[in-house]
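First up is the structure itself, then whatever we jot down about it.
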Amino acid sequence: MKAAMRNRHRMDWVAFAVVCAVLEMGFIASAGEPGSGPLTSAQQDVLARHFGFGPLEVFKLDHGISQLRTADLNGDGLTDIVVANNKKSTIEVLLQRAAPPEEAEQPKDVNDLLNHWRFERTKVSVTWEVVCLKAADVNGDGHTDIVFFGDPGELVLLPGTGDGTFGDAITRRVRDGLTLPSGIDVADLNADGRLDVSVLTESDVLVFYQAEAGGLGRPQRYAHALENPLALKTIDINGD
């Protein structure tokens with residue numbers, strides 16, 4: 001999954017397993033080899049010509065996370081990360097720092113792998129299983145929101161406050177929504193300059209158009225007549 005992790009017009013990669021690893025454009029470091037240590041500047045320059053990535057920046061997360069999304073969640077111009085952690089009924093928000101904090105994290109034991117300083121971790125408790133998640137301004141207030149399809153079937157909006165925190169959940173019941181990892185999408189579907197939310201069901205696509213005054217309106221249904229739909233993607237196919 002690709003994301004611009006710094007506001008430098010250079011692309012980085014964000015990979016998730018048990019840890020979050022950010023590879024920064026510039027050079028790549030050798031990791032995990034017996035006796036390997038920090039690379040010299042000359043070694044970094046050589047590797048940069050072949051790989052183009054910097055050292056791993058590791059941030060530990062839990063097993064079972066999903067739905068990694070990137071957006072500026074607090075309006076500071078830096079790209080942040082949001083992931084779903086259904087095992088702990090939370091959405092985890094990683095707010096990017098511009099510089100290391102004054103107090104560095106200390107190891108708990110000699111073998112402890114420390115988190116990189118780049119992200120400050122916060123959590124949002126939820127009472128749904130997060131099936132598909134997006135980060136976008138869908139209520140028109142200029143702040144990035146979190147919107148997701150949750151099981152049992154509801155479309156859930158967590159309105160962003162602009163500082164990396166989120167207000168109370170606003171829900172829309174979607175009983176026939178499909179529990180698919182790509183079952184919702186966000187796009188301006190009626191060319192009014194406001195982002196709308198689409199939800200895939202067994203027989204229809206529900207579109208929640210954003211109201212002129214902000215917020216999501218009542219859904220409109222569009223039949224798709226597909227058997228066993230697997231994903232929803234909004235894109236201008238015919239170039240009109």
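Labeling convention for the structure tokens: chains A, B, ... as they appear, residues from 1 per chain, ligands from 1 in order of appearance.
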Selection near Pro100 in chain A, 10 Å with only C-alpha atoms, sequence-local residues under 6 positions removed, as number ranges by chain
A: 116-119
From a backbone DSSP assignment, name each residue in range 104-210 of chain A labelled strand (DSSP E or B), as an mmCIF file with all heavy atoms, in the first residue's frame.
```
data_model
loop_
_atom_site.group_PDB
_atom_site.id
_atom_site.type_symbol
_atom_site.label_atom_id
_atom_site.label_comp_id
_atom_site.auth_asym_id
_atom_site.auth_seq_id
_atom_site.Cartn_x
_atom_site.Cartn_y
_atom_site.Cartn_z
ATOM 1 N N PHE A 119 5.221 8.470 14.695
ATOM 2 C CA PHE A 119 3.773 8.468 14.890
ATOM 3 C C PHE A 119 3.394 8.525 16.369
ATOM 4 O O PHE A 119 4.024 7.877 17.207
ATOM 5 C CB PHE A 119 3.151 7.223 14.262
ATOM 6 C CG PHE A 119 3.260 7.188 12.767
ATOM 7 C CD1 PHE A 119 4.148 6.322 12.146
ATOM 8 C CD2 PHE A 119 2.486 8.024 11.979
ATOM 9 C CE1 PHE A 119 4.256 6.286 10.773
ATOM 10 C CE2 PHE A 119 2.595 7.996 10.603
ATOM 11 C CZ PHE A 119 3.484 7.130 9.993
ATOM 12 N N GLU A 120 2.338 9.288 16.636
ATOM 13 C CA GLU A 120 1.687 9.287 17.938
ATOM 14 C C GLU A 120 0.403 8.476 17.811
ATOM 15 O O GLU A 120 -0.438 8.760 16.949
ATOM 16 C CB GLU A 120 1.366 10.708 18.382
ATOM 17 C CG GLU A 120 0.616 10.779 19.704
ATOM 18 C CD GLU A 120 0.197 12.181 20.053
ATOM 19 O OE1 GLU A 120 0.531 13.111 19.290
ATOM 20 O OE2 GLU A 120 -0.485 12.343 21.080
ATOM 21 N N ARG A 121 0.252 7.501 18.664
ATOM 22 C CA ARG A 121 -0.848 6.546 18.528
ATOM 23 C C ARG A 121 -2.014 6.909 19.446
ATOM 24 O O ARG A 121 -1.852 7.121 20.639
ATOM 25 C CB ARG A 121 -0.331 5.156 18.878
ATOM 26 C CG ARG A 121 -1.334 4.025 18.768
ATOM 27 C CD ARG A 121 -0.630 2.737 19.165
ATOM 28 N NE ARG A 121 -1.402 1.544 18.937
ATOM 29 C CZ ARG A 121 -0.922 0.316 19.080
ATOM 30 N NH1 ARG A 121 0.342 0.144 19.452
ATOM 31 N NH2 ARG A 121 -1.677 -0.730 18.868
ATOM 32 N N THR A 122 -3.219 6.975 18.857
ATOM 33 C CA THR A 122 -4.446 7.156 19.627
ATOM 34 C C THR A 122 -5.450 6.104 19.168
ATOM 35 O O THR A 122 -5.286 5.492 18.102
ATOM 36 C CB THR A 122 -5.036 8.563 19.449
ATOM 37 O OG1 THR A 122 -5.382 8.759 18.067
ATOM 38 C CG2 THR A 122 -4.039 9.629 19.866
ATOM 39 N N LYS A 123 -6.487 5.899 19.958
ATOM 40 C CA LYS A 123 -7.470 4.872 19.647
ATOM 41 C C LYS A 123 -8.881 5.427 19.772
ATOM 42 O O LYS A 123 -9.163 6.261 20.632
ATOM 43 C CB LYS A 123 -7.305 3.668 20.582
ATOM 44 C CG LYS A 123 -5.951 2.970 20.462
ATOM 45 C CD LYS A 123 -5.868 1.767 21.385
ATOM 46 C CE LYS A 123 -4.522 1.070 21.251
ATOM 47 N NZ LYS A 123 -4.424 -0.129 22.107
ATOM 48 N N VAL A 124 -9.755 4.931 18.902
ATOM 49 C CA VAL A 124 -11.171 5.272 18.941
ATOM 50 C C VAL A 124 -11.939 3.975 19.159
ATOM 51 O O VAL A 124 -11.864 3.053 18.340
ATOM 52 C CB VAL A 124 -11.634 5.944 17.638
ATOM 53 C CG1 VAL A 124 -13.123 6.288 17.713
ATOM 54 C CG2 VAL A 124 -10.801 7.185 17.340
ATOM 55 N N SER A 125 -12.666 3.865 20.248
ATOM 56 C CA SER A 125 -13.443 2.660 20.534
ATOM 57 C C SER A 125 -14.699 2.627 19.661
ATOM 58 O O SER A 125 -15.367 3.651 19.466
ATOM 59 C CB SER A 125 -13.841 2.616 22.014
ATOM 60 O OG SER A 125 -12.703 2.531 22.840
ATOM 61 N N GLU A 129 -17.990 -4.353 14.198
ATOM 62 C CA GLU A 129 -16.852 -4.898 13.460
ATOM 63 C C GLU A 129 -16.652 -4.038 12.223
ATOM 64 O O GLU A 129 -17.567 -3.895 11.401
ATOM 65 C CB GLU A 129 -17.098 -6.350 13.058
ATOM 66 C CG GLU A 129 -15.956 -6.931 12.248
ATOM 67 C CD GLU A 129 -16.237 -8.324 11.729
ATOM 68 O OE1 GLU A 129 -17.306 -8.878 12.061
ATOM 69 O OE2 GLU A 129 -15.387 -8.857 10.980
ATOM 70 N N VAL A 130 -15.483 -3.462 12.087
ATOM 71 C CA VAL A 130 -15.209 -2.578 10.954
ATOM 72 C C VAL A 130 -14.892 -3.443 9.738
ATOM 73 O O VAL A 130 -13.889 -4.150 9.708
ATOM 74 C CB VAL A 130 -14.041 -1.625 11.263
ATOM 75 C CG1 VAL A 130 -13.754 -0.737 10.063
ATOM 76 C CG2 VAL A 130 -14.354 -0.783 12.497
ATOM 77 N N VAL A 131 -15.757 -3.365 8.741
ATOM 78 C CA VAL A 131 -15.616 -4.214 7.559
ATOM 79 C C VAL A 131 -14.867 -3.488 6.445
ATOM 80 O O VAL A 131 -13.956 -4.028 5.828
ATOM 81 C CB VAL A 131 -16.996 -4.681 7.059
ATOM 82 C CG1 VAL A 131 -16.845 -5.542 5.806
ATOM 83 C CG2 VAL A 131 -17.733 -5.452 8.154
ATOM 84 N N CYS A 132 -15.274 -2.273 6.159
ATOM 85 C CA CYS A 132 -14.631 -1.469 5.113
ATOM 86 C C CYS A 132 -14.584 -0.030 5.592
ATOM 87 O O CYS A 132 -15.595 0.497 6.081
ATOM 88 C CB CYS A 132 -15.401 -1.581 3.799
ATOM 89 S SG CYS A 132 -14.641 -0.673 2.431
ATOM 90 N N LEU A 133 -13.436 0.615 5.447
ATOM 91 C CA LEU A 133 -13.210 1.935 6.052
ATOM 92 C C LEU A 133 -12.623 2.892 5.031
ATOM 93 O O LEU A 133 -11.786 2.526 4.210
ATOM 94 C CB LEU A 133 -12.278 1.775 7.254
ATOM 95 C CG LEU A 133 -11.890 3.008 8.062
ATOM 96 C CD1 LEU A 133 -11.670 2.623 9.518
ATOM 97 C CD2 LEU A 133 -10.624 3.657 7.507
ATOM 98 N N LYS A 134 -13.047 4.156 5.115
ATOM 99 C CA LYS A 134 -12.494 5.233 4.301
ATOM 100 C C LYS A 134 -12.247 6.447 5.187
ATOM 101 O O LYS A 134 -12.891 6.624 6.226
ATOM 102 C CB LYS A 134 -13.447 5.620 3.165
ATOM 103 C CG LYS A 134 -13.791 4.489 2.212
ATOM 104 C CD LYS A 134 -12.611 4.085 1.364
ATOM 105 C CE LYS A 134 -12.994 2.975 0.390
ATOM 106 N NZ LYS A 134 -11.854 2.570 -0.463
ATOM 107 N N ALA A 135 -11.312 7.287 4.773
ATOM 108 C CA ALA A 135 -11.024 8.540 5.466
ATOM 109 C C ALA A 135 -11.179 9.688 4.475
ATOM 110 O O ALA A 135 -10.420 9.779 3.508
ATOM 111 C CB ALA A 135 -9.619 8.529 6.061
ATOM 112 N N ALA A 136 -12.184 10.536 4.691
ATOM 113 C CA ALA A 136 -12.468 11.636 3.768
ATOM 114 C C ALA A 136 -13.439 12.594 4.446
ATOM 115 O O ALA A 136 -14.115 12.235 5.419
ATOM 116 C CB ALA A 136 -13.068 11.117 2.459
ATOM 117 N N ASP A 145 -13.017 12.976 7.968
ATOM 118 C CA ASP A 145 -13.829 12.083 8.780
ATOM 119 C C ASP A 145 -13.410 10.644 8.539
ATOM 120 O O ASP A 145 -12.712 10.327 7.566
ATOM 121 C CB ASP A 145 -15.315 12.231 8.429
ATOM 122 C CG ASP A 145 -15.753 13.685 8.377
ATOM 123 O OD1 ASP A 145 -15.528 14.391 9.373
ATOM 124 O OD2 ASP A 145 -16.309 14.098 7.341
ATOM 125 N N ILE A 146 -13.844 9.761 9.415
ATOM 126 C CA ILE A 146 -13.740 8.321 9.196
ATOM 127 C C ILE A 146 -15.141 7.796 8.938
ATOM 128 O O ILE A 146 -16.065 8.056 9.725
ATOM 129 C CB ILE A 146 -13.118 7.607 10.408
ATOM 130 C CG1 ILE A 146 -11.663 8.033 10.590
ATOM 131 C CG2 ILE A 146 -13.204 6.090 10.247
ATOM 132 C CD1 ILE A 146 -11.004 7.453 11.833
ATOM 133 N N VAL A 147 -15.318 7.097 7.834
ATOM 134 C CA VAL A 147 -16.602 6.493 7.519
ATOM 135 C C VAL A 147 -16.359 5.018 7.233
ATOM 136 O O VAL A 147 -15.404 4.656 6.543
ATOM 137 C CB VAL A 147 -17.292 7.207 6.331
ATOM 138 C CG1 VAL A 147 -16.435 7.166 5.069
ATOM 139 C CG2 VAL A 147 -18.669 6.617 6.069
ATOM 140 N N PHE A 148 -17.188 4.160 7.815
ATOM 141 C CA PHE A 148 -16.989 2.725 7.602
ATOM 142 C C PHE A 148 -18.311 1.994 7.598
ATOM 143 O O PHE A 148 -19.321 2.480 8.136
ATOM 144 C CB PHE A 148 -16.051 2.135 8.658
ATOM 145 C CG PHE A 148 -16.560 2.163 10.077
ATOM 146 C CD1 PHE A 148 -17.324 1.122 10.583
ATOM 147 C CD2 PHE A 148 -16.258 3.220 10.921
ATOM 148 C CE1 PHE A 148 -17.785 1.139 11.887
ATOM 149 C CE2 PHE A 148 -16.705 3.248 12.228
ATOM 150 C CZ PHE A 148 -17.482 2.199 12.721
ATOM 151 N N PHE A 149 -18.299 0.814 6.956
ATOM 152 C CA PHE A 149 -19.441 -0.089 7.053
ATOM 153 C C PHE A 149 -19.158 -1.044 8.191
ATOM 154 O O PHE A 149 -18.108 -1.688 8.244
ATOM 155 C CB PHE A 149 -19.653 -0.876 5.758
ATOM 156 C CG PHE A 149 -20.880 -1.749 5.814
ATOM 157 C CD1 PHE A 149 -22.147 -1.195 5.718
ATOM 158 C CD2 PHE A 149 -20.764 -3.116 5.990
ATOM 159 C CE1 PHE A 149 -23.281 -1.992 5.787
ATOM 160 C CE2 PHE A 149 -21.887 -3.920 6.066
ATOM 161 C CZ PHE A 149 -23.150 -3.358 5.961
ATOM 162 N N GLY A 150 -20.091 -1.087 9.137
ATOM 163 C CA GLY A 150 -19.896 -1.905 10.324
ATOM 164 C C GLY A 150 -20.914 -3.027 10.392
ATOM 165 O O GLY A 150 -22.060 -2.890 9.947
ATOM 166 N N ASP A 151 -20.479 -4.139 10.943
ATOM 167 C CA ASP A 151 -21.340 -5.290 11.157
ATOM 168 C C ASP A 151 -21.702 -5.348 12.635
ATOM 169 O O ASP A 151 -20.798 -5.360 13.492
ATOM 170 C CB ASP A 151 -20.604 -6.570 10.729
ATOM 171 C CG ASP A 151 -21.503 -7.787 10.698
ATOM 172 O OD1 ASP A 151 -22.735 -7.606 10.599
ATOM 173 O OD2 ASP A 151 -20.979 -8.911 10.779
ATOM 174 N N GLU A 154 -24.535 -1.344 9.378
ATOM 175 C CA GLU A 154 -24.736 0.097 9.468
ATOM 176 C C GLU A 154 -23.579 0.821 8.799
ATOM 177 O O GLU A 154 -22.430 0.377 8.871
ATOM 178 C CB GLU A 154 -24.844 0.550 10.933
ATOM 179 C CG GLU A 154 -26.141 0.160 11.612
ATOM 180 C CD GLU A 154 -26.266 0.769 12.995
ATOM 181 O OE1 GLU A 154 -25.278 0.688 13.758
ATOM 182 O OE2 GLU A 154 -27.335 1.306 13.312
ATOM 183 N N LEU A 155 -23.902 1.924 8.164
ATOM 184 C CA LEU A 155 -22.876 2.854 7.709
ATOM 185 C C LEU A 155 -22.631 3.825 8.855
ATOM 186 O O LEU A 155 -23.566 4.444 9.378
ATOM 187 C CB LEU A 155 -23.347 3.604 6.464
ATOM 188 C CG LEU A 155 -22.340 4.590 5.865
ATOM 189 C CD1 LEU A 155 -21.156 3.858 5.269
ATOM 190 C CD2 LEU A 155 -23.014 5.471 4.812
ATOM 191 N N VAL A 156 -21.373 3.948 9.254
ATOM 192 C CA VAL A 156 -21.027 4.719 10.452
ATOM 193 C C VAL A 156 -20.089 5.866 10.061
ATOM 194 O O VAL A 156 -19.078 5.652 9.389
ATOM 195 C CB VAL A 156 -20.346 3.835 11.517
ATOM 196 C CG1 VAL A 156 -20.052 4.647 12.770
ATOM 197 C CG2 VAL A 156 -21.215 2.624 11.845
ATOM 198 N N LEU A 157 -20.446 7.054 10.493
ATOM 199 C CA LEU A 157 -19.618 8.239 10.269
ATOM 200 C C LEU A 157 -19.077 8.726 11.600
ATOM 201 O O LEU A 157 -19.836 8.995 12.535
ATOM 202 C CB LEU A 157 -20.443 9.346 9.601
ATOM 203 C CG LEU A 157 -19.810 10.740 9.546
ATOM 204 C CD1 LEU A 157 -18.525 10.733 8.730
ATOM 205 C CD2 LEU A 157 -20.793 11.762 9.002
ATOM 206 N N LEU A 158 -17.737 8.812 11.698
ATOM 207 C CA LEU A 158 -17.081 9.434 12.840
ATOM 208 C C LEU A 158 -16.580 10.801 12.377
ATOM 209 O O LEU A 158 -15.572 10.896 11.670
ATOM 210 C CB LEU A 158 -15.908 8.578 13.332
ATOM 211 C CG LEU A 158 -16.246 7.157 13.807
ATOM 212 C CD1 LEU A 158 -14.973 6.419 14.191
ATOM 213 C CD2 LEU A 158 -17.219 7.189 14.978
ATOM 214 N N GLY A 160 -14.686 14.086 11.939
ATOM 215 C CA GLY A 160 -13.415 14.626 12.393
ATOM 216 C C GLY A 160 -13.587 16.022 12.974
ATOM 217 O O GLY A 160 -14.396 16.821 12.488
ATOM 218 N N PHE A 166 -12.260 12.571 17.040
ATOM 219 C CA PHE A 166 -13.498 12.380 16.291
ATOM 220 C C PHE A 166 -14.698 12.478 17.221
ATOM 221 O O PHE A 166 -14.635 12.092 18.393
ATOM 222 C CB PHE A 166 -13.470 11.022 15.575
ATOM 223 C CG PHE A 166 -12.346 10.916 14.590
ATOM 224 C CD1 PHE A 166 -11.084 10.491 15.005
ATOM 225 C CD2 PHE A 166 -12.517 11.288 13.270
ATOM 226 C CE1 PHE A 166 -10.029 10.422 14.111
ATOM 227 C CE2 PHE A 166 -11.462 11.226 12.372
ATOM 228 C CZ PHE A 166 -10.218 10.795 12.792
ATOM 229 N N ILE A 170 -22.320 8.818 13.910
ATOM 230 C CA ILE A 170 -23.594 9.041 13.226
ATOM 231 C C ILE A 170 -23.837 7.823 12.346
ATOM 232 O O ILE A 170 -22.966 7.455 11.544
ATOM 233 C CB ILE A 170 -23.559 10.328 12.384
ATOM 234 C CG1 ILE A 170 -23.265 11.536 13.286
ATOM 235 C CG2 ILE A 170 -24.858 10.523 11.625
ATOM 236 C CD1 ILE A 170 -22.960 12.803 12.504
ATOM 237 N N THR A 171 -24.977 7.176 12.472
ATOM 238 C CA THR A 171 -25.202 5.909 11.787
ATOM 239 C C THR A 171 -26.361 5.991 10.807
ATOM 240 O O THR A 171 -27.305 6.774 10.984
ATOM 241 C CB THR A 171 -25.472 4.780 12.792
ATOM 242 O OG1 THR A 171 -26.663 5.070 13.533
ATOM 243 C CG2 THR A 171 -24.305 4.630 13.764
ATOM 244 N N ARG A 172 -26.272 5.151 9.774
ATOM 245 C CA ARG A 172 -27.350 4.941 8.825
ATOM 246 C C ARG A 172 -27.521 3.427 8.673
ATOM 247 O O ARG A 172 -26.578 2.721 8.334
ATOM 248 C CB ARG A 172 -27.042 5.570 7.455
ATOM 249 C CG ARG A 172 -26.873 7.076 7.479
ATOM 250 C CD ARG A 172 -28.214 7.780 7.666
ATOM 251 N NE ARG A 172 -28.076 9.226 7.496
ATOM 252 C CZ ARG A 172 -27.749 10.071 8.456
ATOM 253 N NH1 ARG A 172 -27.505 9.593 9.677
ATOM 254 N NH2 ARG A 172 -27.657 11.363 8.234
ATOM 255 N N ARG A 173 -28.720 2.947 8.911
ATOM 256 C CA ARG A 173 -28.970 1.512 8.839
ATOM 257 C C ARG A 173 -28.929 1.031 7.392
ATOM 258 O O ARG A 173 -29.567 1.608 6.511
ATOM 259 C CB ARG A 173 -30.340 1.199 9.448
ATOM 260 C CG ARG A 173 -30.663 -0.283 9.564
ATOM 261 C CD ARG A 173 -29.744 -0.962 10.532
ATOM 262 N NE ARG A 173 -30.130 -2.346 10.774
ATOM 263 C CZ ARG A 173 -29.351 -3.261 11.294
ATOM 264 N NH1 ARG A 173 -28.111 -2.934 11.642
ATOM 265 N NH2 ARG A 173 -29.763 -4.484 11.491
ATOM 266 N N GLY A 177 -26.410 -4.433 3.385
ATOM 267 C CA GLY A 177 -25.039 -4.146 2.976
ATOM 268 C C GLY A 177 -24.161 -5.381 3.058
ATOM 269 O O GLY A 177 -24.313 -6.216 3.959
ATOM 270 N N ILE A 184 -17.567 -0.306 0.357
ATOM 271 C CA ILE A 184 -17.996 1.082 0.260
ATOM 272 C C ILE A 184 -16.944 1.884 -0.478
ATOM 273 O O ILE A 184 -15.785 1.478 -0.583
ATOM 274 C CB ILE A 184 -18.273 1.719 1.648
ATOM 275 C CG1 ILE A 184 -16.966 1.953 2.412
ATOM 276 C CG2 ILE A 184 -19.233 0.869 2.461
ATOM 277 C CD1 ILE A 184 -17.157 2.776 3.685
ATOM 278 N N ASP A 185 -17.347 3.045 -0.986
ATOM 279 C CA ASP A 185 -16.394 3.943 -1.636
ATOM 280 C C ASP A 185 -16.870 5.372 -1.460
ATOM 281 O O ASP A 185 -18.051 5.623 -1.155
ATOM 282 C CB ASP A 185 -16.248 3.604 -3.120
ATOM 283 C CG ASP A 185 -14.904 4.034 -3.683
ATOM 284 O OD1 ASP A 185 -14.072 4.561 -2.907
ATOM 285 O OD2 ASP A 185 -14.667 3.849 -4.886
ATOM 286 N N VAL A 186 -15.942 6.302 -1.631
ATOM 287 C CA VAL A 186 -16.222 7.725 -1.456
ATOM 288 C C VAL A 186 -15.793 8.463 -2.712
ATOM 289 O O VAL A 186 -14.660 8.291 -3.189
ATOM 290 C CB VAL A 186 -15.475 8.281 -0.225
ATOM 291 C CG1 VAL A 186 -15.660 9.789 -0.127
ATOM 292 C CG2 VAL A 186 -15.956 7.601 1.049
ATOM 293 N N ALA A 187 -16.682 9.279 -3.256
ATOM 294 C CA ALA A 187 -16.361 10.075 -4.446
ATOM 295 C C ALA A 187 -17.466 11.111 -4.635
ATOM 296 O O ALA A 187 -18.568 10.979 -4.083
ATOM 297 C CB ALA A 187 -16.246 9.191 -5.689
ATOM 298 N N ASP A 196 -19.560 12.003 -1.740
ATOM 299 C CA ASP A 196 -20.697 11.146 -1.429
ATOM 300 C C ASP A 196 -20.189 9.753 -1.068
ATOM 301 O O ASP A 196 -19.050 9.391 -1.371
ATOM 302 C CB ASP A 196 -21.651 11.072 -2.626
ATOM 303 C CG ASP A 196 -21.932 12.457 -3.215
ATOM 304 O OD1 ASP A 196 -22.430 13.310 -2.467
ATOM 305 O OD2 ASP A 196 -21.636 12.674 -4.410
ATOM 306 N N VAL A 197 -21.028 8.967 -0.421
ATOM 307 C CA VAL A 197 -20.648 7.627 0.022
ATOM 308 C C VAL A 197 -21.543 6.593 -0.644
ATOM 309 O O VAL A 197 -22.775 6.724 -0.630
ATOM 310 C CB VAL A 197 -20.760 7.488 1.554
ATOM 311 C CG1 VAL A 197 -20.324 6.094 1.989
ATOM 312 C CG2 VAL A 197 -19.909 8.547 2.250
ATOM 313 N N SER A 198 -20.916 5.567 -1.226
ATOM 314 C CA SER A 198 -21.645 4.469 -1.866
ATOM 315 C C SER A 198 -21.457 3.196 -1.064
ATOM 316 O O SER A 198 -20.365 2.934 -0.544
ATOM 317 C CB SER A 198 -21.140 4.241 -3.301
ATOM 318 O OG SER A 198 -21.253 5.421 -4.068
ATOM 319 N N VAL A 199 -22.513 2.396 -0.975
ATOM 320 C CA VAL A 199 -22.478 1.135 -0.251
ATOM 321 C C VAL A 199 -23.007 0.039 -1.164
ATOM 322 O O VAL A 199 -24.076 0.182 -1.771
ATOM 323 C CB VAL A 199 -23.325 1.198 1.039
ATOM 324 C CG1 VAL A 199 -23.241 -0.123 1.798
ATOM 325 C CG2 VAL A 199 -22.874 2.343 1.928
ATOM 326 N N LEU A 200 -22.276 -1.066 -1.243
ATOM 327 C CA LEU A 200 -22.662 -2.189 -2.096
ATOM 328 C C LEU A 200 -23.574 -3.141 -1.337
ATOM 329 O O LEU A 200 -23.274 -3.542 -0.209
ATOM 330 C CB LEU A 200 -21.404 -2.927 -2.569
ATOM 331 C CG LEU A 200 -21.606 -4.111 -3.524
ATOM 332 C CD1 LEU A 200 -22.224 -3.645 -4.837
ATOM 333 C CD2 LEU A 200 -20.272 -4.800 -3.786
ATOM 334 N N THR A 201 -24.702 -3.503 -1.962
ATOM 335 C CA THR A 201 -25.587 -4.523 -1.418
ATOM 336 C C THR A 201 -25.714 -5.654 -2.433
ATOM 337 O O THR A 201 -25.152 -5.594 -3.532
ATOM 338 C CB THR A 201 -26.976 -3.957 -1.085
ATOM 339 O OG1 THR A 201 -27.721 -3.764 -2.312
ATOM 340 C CG2 THR A 201 -26.870 -2.633 -0.343
ATOM 341 N N ASP A 204 -28.174 -3.888 -5.130
ATOM 342 C CA ASP A 204 -28.127 -2.460 -5.444
ATOM 343 C C ASP A 204 -26.822 -1.831 -4.972
ATOM 344 O O ASP A 204 -26.072 -2.422 -4.191
ATOM 345 C CB ASP A 204 -29.277 -1.723 -4.755
ATOM 346 C CG ASP A 204 -30.631 -2.304 -5.065
ATOM 347 O OD1 ASP A 204 -31.154 -2.039 -6.157
ATOM 348 O OD2 ASP A 204 -31.158 -3.052 -4.206
ATOM 349 N N VAL A 205 -26.623 -0.608 -5.446
ATOM 350 C CA VAL A 205 -25.638 0.290 -4.858
ATOM 351 C C VAL A 205 -26.409 1.426 -4.201
ATOM 352 O O VAL A 205 -27.198 2.116 -4.863
ATOM 353 C CB VAL A 205 -24.657 0.844 -5.905
ATOM 354 C CG1 VAL A 205 -23.734 1.876 -5.270
ATOM 355 C CG2 VAL A 205 -23.846 -0.282 -6.528
ATOM 356 N N LEU A 206 -26.230 1.591 -2.900
ATOM 357 C CA LEU A 206 -26.847 2.698 -2.179
ATOM 358 C C LEU A 206 -25.893 3.886 -2.200
ATOM 359 O O LEU A 206 -24.718 3.747 -1.878
ATOM 360 C CB LEU A 206 -27.133 2.306 -0.723
ATOM 361 C CG LEU A 206 -28.480 1.680 -0.405
ATOM 362 C CD1 LEU A 206 -28.604 0.326 -1.094
ATOM 363 C CD2 LEU A 206 -28.677 1.546 1.087
ATOM 364 N N VAL A 207 -26.416 5.042 -2.579
ATOM 365 C CA VAL A 207 -25.606 6.255 -2.608
ATOM 366 C C VAL A 207 -26.172 7.252 -1.598
ATOM 367 O O VAL A 207 -27.332 7.653 -1.687
ATOM 368 C CB VAL A 207 -25.575 6.879 -4.010
ATOM 369 C CG1 VAL A 207 -24.762 8.181 -3.985
ATOM 370 C CG2 VAL A 207 -24.973 5.906 -5.014
ATOM 371 N N PHE A 208 -25.323 7.614 -0.640
ATOM 372 C CA PHE A 208 -25.656 8.655 0.323
ATOM 373 C C PHE A 208 -25.033 9.953 -0.176
ATOM 374 O O PHE A 208 -23.835 10.188 0.008
ATOM 375 C CB PHE A 208 -25.117 8.301 1.704
ATOM 376 C CG PHE A 208 -25.760 7.098 2.331
ATOM 377 C CD1 PHE A 208 -25.363 5.811 1.983
ATOM 378 C CD2 PHE A 208 -26.761 7.247 3.284
ATOM 379 C CE1 PHE A 208 -25.934 4.697 2.563
ATOM 380 C CE2 PHE A 208 -27.347 6.136 3.872
ATOM 381 C CZ PHE A 208 -26.944 4.860 3.510
ATOM 382 N N GLN A 210 -24.017 13.753 -0.251
ATOM 383 C CA GLN A 210 -23.785 14.758 0.786
ATOM 384 C C GLN A 210 -24.703 15.949 0.554
ATOM 385 O O GLN A 210 -24.796 16.480 -0.555
ATOM 386 C CB GLN A 210 -22.315 15.208 0.775
ATOM 387 C CG GLN A 210 -21.963 16.111 1.943
ATOM 388 C CD GLN A 210 -20.499 16.493 1.980
ATOM 389 O OE1 GLN A 210 -20.151 17.555 2.505
ATOM 390 N NE2 GLN A 210 -19.629 15.658 1.433
#
```
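Considering only C-alpha atoms, the residue among A:Asn139, A:Thr40, A:Thr127, A:Thr70 positioned nearest to Leu195 in chain A is A:Asn139.
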At what distance in Å, to one decimal, does CA of Gly162 in chain A lie from CA of Thr90 in chain A?
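Result for CA of Thr90 in chain A versus CA of Gly162 in chain A: 19.6 Å, one decimal.
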Computed interatomic separation between CA of Phe53 in chain A and CA of Glu92 in chain A (Å):
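Rounded to one decimal, the two atoms are 25.9 Å apart.
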